[in-house]
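Enquirer: Hey, dropping entry-v2.txt in here, compact mmCIF, C-alpha atoms:
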```txt
# COMPACT_ATOMS: atom_id res chain seq x y z
CA MET K 1 25.74 14.28 -21.69
CA SER K 2 28.90 13.21 -23.48
CA GLU K 3 28.93 10.73 -26.35
CA TYR K 4 30.86 8.32 -24.11
CA SER K 5 28.12 8.40 -21.43
CA ARG K 6 25.40 7.71 -23.97
CA GLU K 7 27.30 4.72 -25.33
CA SER K 8 27.86 3.39 -21.81
CA ASP K 9 24.14 3.72 -21.04
CA ASP K 10 23.26 1.94 -24.29
CA ASP K 11 25.73 -0.88 -23.52
CA GLU K 12 24.25 -1.25 -20.04
CA ALA K 13 20.75 -1.52 -21.47
CA LYS K 14 21.84 -4.17 -24.00
CA ASN K 15 23.36 -6.25 -21.20
CA ASN K 16 20.13 -6.07 -19.15
CA GLY K 17 17.68 -7.22 -21.80
CA GLY K 18 17.10 -3.72 -23.14
CA MET K 19 16.59 -2.10 -19.72
CA HIS K 20 18.82 0.24 -17.78
CA GLU K 21 19.51 -0.77 -14.19
CA ASP K 22 17.02 1.73 -12.77
CA GLU K 23 14.32 0.57 -15.22
CA GLU K 24 14.98 -3.04 -14.28
CA GLU K 25 14.66 -2.21 -10.58
CA GLU K 26 11.40 -0.39 -11.31
CA PHE K 27 10.08 -3.56 -13.00
CA TYR K 28 10.87 -5.66 -9.94
CA HIS K 29 9.50 -3.07 -7.52
CA PHE K 30 6.24 -2.80 -9.44
CA ARG K 31 5.96 -6.61 -9.48
CA ARG K 32 6.47 -6.72 -5.70
CA VAL K 33 3.65 -4.21 -5.31
CA LEU K 34 1.33 -6.28 -7.53
CA GLY K 35 2.43 -9.47 -5.76
CA SER K 36 1.72 -7.85 -2.38
CA PHE K 37 -1.78 -6.93 -3.49
CA LEU K 38 -2.48 -10.34 -5.03
CA GLY K 39 -0.90 -12.31 -2.16
CA TYR K 40 -2.39 -10.30 0.68
CA GLU K 41 -5.45 -12.53 1.10
CA LYS K 42 -3.32 -15.68 1.24
CA MET K 43 -0.97 -14.07 3.78
CA CYS K 44 -3.93 -13.03 5.99
CA LEU K 45 -5.52 -16.48 5.75
CA ALA K 46 -2.21 -18.02 6.85
CA GLU K 47 -2.21 -15.58 9.77
CA ALA K 48 -5.73 -16.69 10.69
CA GLU K 49 -4.63 -20.32 10.62
CA ARG K 50 -1.67 -19.53 12.91
CA THR K 51 -4.10 -17.87 15.31
CA ARG K 52 -6.38 -20.93 15.16
CA ARG K 53 -3.43 -23.26 15.91
CA ALA K 54 -2.25 -21.04 18.77
CA ALA K 55 -5.77 -21.07 20.24
CA SER K 56 -5.84 -24.86 20.07
CA LEU K 57 -2.78 -24.90 22.34
CA LEU K 58 -4.53 -22.95 25.10
CA THR K 59 -5.41 -24.90 28.20
CA SER K 60 -9.03 -25.17 29.30
CA SER K 61 -8.32 -22.79 32.20
CA GLU K 62 -6.87 -20.23 29.76
CA LEU K 63 -9.86 -20.60 27.43
CA ALA K 64 -12.19 -20.10 30.41
CA LEU K 65 -10.80 -16.56 30.75
CA LEU K 66 -12.17 -15.69 27.31
CA PRO K 67 -15.79 -15.26 26.30
CA ALA K 68 -17.20 -18.48 24.83
CA GLY K 69 -16.19 -18.89 21.18
CA ALA K 70 -14.11 -15.69 21.17
CA MET K 71 -11.08 -17.21 19.44
CA GLU K 72 -13.09 -18.87 16.67
CA LYS K 73 -15.07 -15.66 16.17
CA LYS K 74 -11.80 -13.73 15.87
CA VAL K 75 -10.37 -16.20 13.34
CA LYS K 76 -13.56 -16.17 11.26
CA GLY K 77 -13.47 -12.36 11.28
CA ILE K 78 -9.87 -12.38 10.04
CA GLU K 79 -10.79 -14.85 7.29
CA SER K 80 -13.83 -12.85 6.21
CA ALA K 81 -11.88 -9.57 6.11
CA ALA K 82 -9.03 -11.28 4.24
CA ARG K 83 -11.41 -12.48 1.54
CA ARG K 84 -13.11 -9.08 1.15
CA ASN K 85 -9.77 -7.26 1.04
CA GLY K 86 -8.46 -9.85 -1.43
CA GLU K 87 -11.42 -9.20 -3.73
CA PHE K 88 -10.86 -5.45 -3.54
CA LEU K 89 -7.11 -5.70 -4.16
CA SER K 90 -7.65 -8.07 -7.11
CA LEU K 91 -9.94 -5.44 -8.64
CA VAL K 92 -7.28 -2.78 -8.13
CA VAL K 93 -4.67 -4.93 -9.89
CA SER K 94 -7.01 -6.00 -12.70
CA ASN K 95 -7.75 -2.35 -13.46
CA GLN K 96 -4.12 -1.32 -13.90
CA GLY K 97 -4.69 -1.10 -17.67
CA ASN K 98 -1.72 0.42 -19.44
CA PHE K 99 -0.12 1.59 -16.22
CA GLY K 100 3.18 0.23 -15.03
CA PRO K 101 6.17 -1.41 -16.63
CA PHE K 102 4.37 -4.62 -17.69
CA HIS K 103 1.79 -3.29 -20.09
CA ASN K 104 3.97 -3.53 -23.18
CA CYS K 105 6.02 -6.64 -22.32
CA GLU K 106 5.94 -9.84 -24.28
CA GLN K 107 4.27 -12.59 -22.23
CA GLU K 108 7.50 -14.61 -21.98
CA GLU K 109 9.43 -11.60 -20.66
CA ASN K 110 6.59 -10.78 -18.28
CA ASN K 111 6.63 -14.35 -16.87
CA LEU K 112 10.38 -14.13 -16.27
CA ILE K 113 9.92 -10.93 -14.30
CA LEU K 114 6.91 -12.23 -12.37
CA ASN K 115 8.78 -15.32 -11.19
CA HIS K 116 12.13 -13.71 -10.38
CA ARG K 117 13.11 -13.84 -6.68
CA ARG K 118 13.63 -10.06 -6.64
CA ALA K 119 9.96 -9.71 -7.59
CA MET K 120 8.62 -11.72 -4.65
CA PRO K 121 6.90 -9.59 -2.00
CA SER K 122 8.38 -9.49 1.48
CA GLU K 123 6.67 -9.27 4.86
CA ALA K 124 7.40 -5.52 4.77
CA ASP K 125 5.54 -5.26 1.44
CA PHE K 126 2.47 -6.94 2.98
CA SER K 127 2.73 -4.59 5.96
CA LYS K 128 2.56 -1.63 3.57
CA VAL K 129 -0.61 -3.06 2.01
CA ARG K 130 -2.16 -3.42 5.47
CA SER K 131 -1.19 0.17 6.31
CA THR K 132 -2.62 1.45 3.01
CA LEU K 133 -5.91 -0.37 3.59
CA HIS K 134 -6.10 1.10 7.09
CA SER K 135 -5.45 4.60 5.74
CA LEU K 136 -8.04 4.11 3.02
CA VAL K 137 -10.69 3.15 5.58
CA ARG K 138 -9.71 5.95 7.98
CA ASP K 139 -9.55 8.69 5.36
CA TRP K 140 -12.39 7.86 3.00
CA SER K 141 -15.00 5.55 4.54
CA ALA K 142 -17.94 6.02 6.87
CA GLU K 143 -16.35 3.44 9.19
CA GLY K 144 -13.29 5.67 9.56
CA ALA K 145 -15.20 8.86 10.48
CA THR K 146 -14.52 8.61 14.22
CA GLU K 147 -10.80 7.98 13.82
CA ARG K 148 -10.59 10.67 11.13
CA GLN K 149 -12.25 13.15 13.46
CA GLN K 150 -9.93 12.23 16.34
CA CYS K 151 -6.81 12.52 14.16
CA TYR K 152 -7.57 15.54 12.00
CA GLU K 153 -10.00 17.76 13.90
CA PRO K 154 -7.45 18.99 16.50
CA LEU K 155 -5.14 20.07 13.67
CA LEU K 156 -7.94 21.80 11.80
CA ILE K 157 -9.11 23.60 14.95
CA GLU K 158 -5.57 24.81 15.68
CA LEU K 159 -5.12 26.05 12.10
CA GLY K 160 -8.39 27.97 12.41
CA ARG K 161 -7.30 29.42 15.75
CA ARG K 162 -3.89 30.56 14.49
CA PHE K 163 -5.06 31.79 11.10
CA PRO K 164 -8.70 32.87 11.48
CA LYS K 165 -8.79 35.01 8.33
CA ALA K 166 -5.86 33.56 6.40
CA GLY K 167 -7.59 32.60 3.17
CA SER K 168 -5.22 31.79 0.33
CA GLN K 169 -2.38 33.81 1.88
CA VAL K 170 -1.43 30.94 4.17
CA ARG K 171 0.07 27.84 2.66
CA VAL K 172 0.00 24.66 4.71
CA LEU K 173 2.49 21.88 4.15
CA VAL K 174 1.08 18.41 4.80
CA PRO K 175 4.11 16.11 5.03
CA GLY K 176 3.35 12.45 4.48
CA ALA K 177 -0.10 13.37 3.19
CA GLY K 178 -1.06 9.72 2.86
CA LEU K 179 -4.27 9.40 0.89
CA GLY K 180 -4.92 13.15 0.90
CA ARG K 181 -7.89 13.55 3.23
CA LEU K 182 -6.22 16.02 5.60
CA ALA K 183 -5.04 18.12 2.64
CA LEU K 184 -8.60 18.13 1.29
CA GLU K 185 -10.04 19.19 4.66
CA ILE K 186 -7.51 22.04 4.94
CA ALA K 187 -8.27 23.24 1.41
CA ALA K 188 -12.03 22.98 2.04
CA ARG K 189 -11.63 25.42 4.94
CA GLY K 190 -10.05 27.99 2.62
CA ARG K 191 -6.41 27.31 3.37
CA PHE K 192 -4.37 26.07 0.48
CA ASP K 193 -2.02 23.22 1.15
CA GLN K 194 1.05 22.04 -0.68
```
As a first step, turn the structure in this file into structure tokens.
Expert:
Amino acid sequence: MSEYSRESDDDEAKNNGGMHEDEEEEFYHFRRVLGSFLGYEKMCLAEAERTRRAASLLTSSELALLPAGAMEKKVKGIESAARRNGEFLSLVVSNQGNFGPFHNCEQEENNLILNHRRAMPSEADFSKVRSTLHSLVRDWSAEGATERQQCYEPLLIELGRRFPKAGSQVRVLVPGAGLGRLALEIAARGRFDQ
């Protein structure tokens, strides 16, 4: 790197409160992730309320097509799941420790970042949280065993059929490995993944 480039980088950092542009973007991204986790319960409860309001607009003949109390049961289920997921996600955030760009910030600087519009989570951010929770349940819980078996077993059977005695000589690429369960299952059957 030339002396000129280093000076330009240093000037850029001075103009951005000591951060380079990519570091600043990382701060805001990390805050959106934390905000998505912390705001997920509120977003789901708002969704439950929208469902409740929509149900109140149904005519009596439309409601008669549904089992008695089905809409209220659905809304209460959404609210209950939202609260449980909110508790879990709050624990995840509270255990971040010294991880992430905020751990060594002054409180005043941290508050500026937390309240900046670029740090506010979007609907897409909440969708990613929902997808991650779904993957977590599918890949690592007893409740997800059936879906896990339906998704992964055909792949594992086909690998065994094509490479019956492959051992460590076959390397399996698992693109988009998610939370790693498929990679673990492949490795457990004696085929190393990457």
Enquirer: Please provide as a compact mmCIF listing (two decimals) with C-alpha atoms, in the frame of the given file all residues within 7 Å of stretch 39-53 of chain K, with the sequence filter that same-chain residues fewer than 2 positions apart are discarded (counting only C-alpha atoms).
Expert:
```txt
# COMPACT_ATOMS: atom_id res chain seq x y z
CA GLY K 35 2.43 -9.47 -5.76
CA SER K 36 1.72 -7.85 -2.38
CA PHE K 37 -1.78 -6.93 -3.49
CA ALA K 55 -5.77 -21.07 20.24
CA SER K 56 -5.84 -24.86 20.07
CA LEU K 57 -2.78 -24.90 22.34
CA VAL K 75 -10.37 -16.20 13.34
CA ILE K 78 -9.87 -12.38 10.04
CA GLU K 79 -10.79 -14.85 7.29
CA ALA K 82 -9.03 -11.28 4.24
CA ARG K 83 -11.41 -12.48 1.54
CA ASN K 85 -9.77 -7.26 1.04
CA GLY K 86 -8.46 -9.85 -1.43
CA PHE K 126 2.47 -6.94 2.98
```
Enquirer: Could you list, as a PyMOL selection string, every residue within 12 Å of stretch 176-188 of chain K, counting only C-alpha atoms and ignoring same-chain residues fewer than 4 positions away?
Expert: chain K and resi 128+131-141+144-145+148-160+163+166-168+170-172+192-194
Enquirer: What does the distance between atom CA of K:Phe30 and atom CA of K:Met120 come to in Å, to one decimal place?
Expert: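 It comes out at 10.4 Å.
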Enquirer: What is the distance, in Å and to one decimal place, between atom CA of K:Glu87 and atom CA of K:Glu123?
Expert: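 Computing it gives 20.0 Å between the two atoms.
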Enquirer: Between K:Arg161, K:Val33, K:Val174, K:Tyr28, which has the minimum distance to K:Gln96 (counting all atoms listed in the file)?
Expert: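 Distance minimum relative to K:Gln96 lands on K:Val33.
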Enquirer: Rounded to one decimal in Å, what is the spacing between atom CA of K:Ala124 and atom CA of K:Asp22?
Expert: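 If I compute the distance from atom CA of K:Ala124 to atom CA of K:Asp22, I get 21.3 Å.
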